[in-house]
Amino acid sequence: MADRSDGRKRRPSADRTGVFRRGADGGVPDEINRLYRERDSAQRSAGRTQPTKRMPPVDPGSSTRRGSASGGRGRIHDGTGRNRRDKERRARRRRTIAVVVIALLVLVPTVFYFWADSRLQRVDALTDYEGRPADQPGTTYMIVGSDSRDGLSDEDMNSLRTGRAEGKRTDTIMVLYVPESGRPSIVSVPRDSYVSIPGIGENKINAAFAEDLGGGPATLVQSFEQASQVRIDHYVEIGFAGFVDIVDAIGGVEMCPEEPMEDPKAGLDIAAGCQEMDGATALGYVRTRASARADLDRIQRQREFFSALVSKATAPSTLVNPFRSVPLVVNGTATFSVDDDDHLSNLAGMALAMRDQPSTTTVPVGSTPTLPGAGSVVLWDEGLSEEMFEAMRTGQEIPESALQD
């Protein structure tokens, strides 16, 4: 580098770009000057085409956003943890609501079940006695329709033509038999069946239920068990009032009598053909004996009606409709009598078995003689009835040969 005349060293001069140049004799290489010029030229060009953007003023009270300027994926931090606490509170609230809903779905039906079960009337019907048949395969329910007037007012008894007899007698005796495999059967037991009754002697089986003769549910069950050697597992009884209330609770039951029927004693006057029967009409329909075969026709109608009643009571249109299902349970549990060891679950099991298209039959009848002191009675056919009872004792489906209308 050349010295000035005043003795100080001469500094390299800068051109218009601000880049210092050295002489051709050495110093700063030409390549470095070229790089500086290119970068400086690019910066000036960018400054001419895109004005410098200024950041908007920051509000000291606002939260700081991290992420894109549009806020698409950024999270907001306020430095206090408020957002996190709000999120946790919302999660706890959702969990609490879910727990409450699940508890209600479990608790309400459970409470309703035990409340309804407690309303069932209980009787000591299935008692142990010497010579009682041992446990057998399959399941049997004895279903008794009594003429008890409990729950009926004077006006009800007049309109239903029930009379005012004290105590109770049986109008209907049926056995629902559910085999281990195969089709269930509803077996009617003619109430005039002539059997041996403990404590009473030889008589019609309905006498075993008569309170004025010293009978009752336990005597009735024992009489049937001894005559058939078929063990009864569950006992269900319903009176006039309960029958009417249940039919009305489900909106009536459709039946299709082939002929018009009129019976002033039963309060019945209906035309032939399909029709919806309310509780009062249905009671007269299952009670009347004003037909050619009297009691045998009646028990056939009872089986058909009871099957139709249970089918409608357990239909989805009834069960999902609270205006029908709730009155059905409330009215039914208040009027059903069951054995001390039976519960609402046993009634549900009976109803479900009835939905499995059971066959309907009666204990095979051999003859209907008139006997001194007993009047007209029903004697079972020994061969066919034994065939039926043997199937029931062994848990087998009742054979077609033993089924009788």
# chains A, B, ... in the order shown; residues from 1 in each chain; ligands from 1
$ closest_atom_pairs --of "range 220-337 of chain A" --to "range 124-142 of chain A" --cutoff "6 Å" --atoms "only C-alpha atoms" --output "CSV"
residue,atom,partner,partner_atom,distance
A:Gln229,CA,A:Pro133,CA,6.0
A:Arg231,CA,A:Pro133,CA,5.5
A:Ile232,CA,A:Thr140,CA,5.3
A:Asp233,CA,A:Thr140,CA,5.3
A:His234,CA,A:Tyr141,CA,4.7
A:Tyr235,CA,A:Met142,CA,5.0
$ write_last_selection --atoms "N, CA and C atoms" --output "PDB file, in the first residue's frame"
ATOM      1  N   GLN A 229     -97.983 -87.906  39.452  1.00  0.00           N
ATOM      2  CA  GLN A 229     -96.573 -88.118  39.789  1.00  0.00           C
ATOM      3  C   GLN A 229     -95.662 -87.154  39.030  1.00  0.00           C
ATOM      4  N   ARG A 231     -94.028 -83.454  39.316  1.00  0.00           N
ATOM      5  CA  ARG A 231     -93.710 -82.444  40.335  1.00  0.00           C
ATOM      6  C   ARG A 231     -93.951 -81.048  39.776  1.00  0.00           C
ATOM      7  N   ILE A 232     -94.592 -80.198  40.566  1.00  0.00           N
ATOM      8  CA  ILE A 232     -94.828 -78.802  40.190  1.00  0.00           C
ATOM      9  C   ILE A 232     -93.699 -77.936  40.754  1.00  0.00           C
ATOM     10  N   ASP A 233     -93.093 -77.116  39.885  1.00  0.00           N
ATOM     11  CA  ASP A 233     -91.952 -76.287  40.285  1.00  0.00           C
ATOM     12  C   ASP A 233     -92.341 -74.871  40.685  1.00  0.00           C
ATOM     13  N   HIS A 234     -93.403 -74.324  40.064  1.00  0.00           N
ATOM     14  CA  HIS A 234     -93.804 -72.943  40.347  1.00  0.00           C
ATOM     15  C   HIS A 234     -95.330 -72.863  40.393  1.00  0.00           C
ATOM     16  N   TYR A 235     -95.817 -71.909  41.180  1.00  0.00           N
ATOM     17  CA  TYR A 235     -97.268 -71.753  41.349  1.00  0.00           C
ATOM     18  C   TYR A 235     -97.651 -70.303  41.070  1.00  0.00           C
TER      19      TYR A 235
END
$ residues_around --residues "range 267-283 of chain A" --least-positions-apart "2" --cutoff "8 Å" --atoms "only C-alpha atoms" --output "list in words"
Ser159, Leu160, Arg161, Phe240, Phe243, Val244, Asp245, Ile246, Val247, Asp248, Gly251, Gly252, Val253, Glu254, Met255, Cys256, Pro257, Glu258, Glu259, Pro260, Met261, Glu262, Asp263, Pro264, Lys265, Tyr285, Val286, Arg287 and Thr288 of chain A
$ select_by_dssp --residues "range 122-302 of chain A" --states "strand (DSSP E)" --output "PyMOL selection string"
chain A and resi 122-123+139-146+170-178+185-188+194-197+201-204+234-238+253-255+261-263+268-270+275-277
$ atom_distance --atom1 "CA of Pro316 in chain A" --atom2 "CA of Leu104 in chain A"
22.2 Å
$ closest_residue --among "A:Ser146, A:Thr110, A:Thr394, A:Ser317" --to "Ile238 in chain A" --atoms "only C-alpha atoms"
A:Ser146
$ atom_distance --atom1 "CA of Leu309 in chain A" --atom2 "CA of Leu328 in chain A"
11.5 Å
$ closest_residue --among "A:Arg324, A:Arg393, A:Lys204, A:His343" --to "Leu371 in chain A" --atoms "only C-alpha atoms"
A:Lys204
$ atom_distance --atom1 "CA of Val195 in chain A" --atom2 "CA of Ser401 in chain A"
23.4 Å
$ closest_residue --among "A:Ile250, A:Val123, A:Ala313, A:Ala294" --to "Thr219 in chain A" --atoms "only C-alpha atoms"
A:Val123
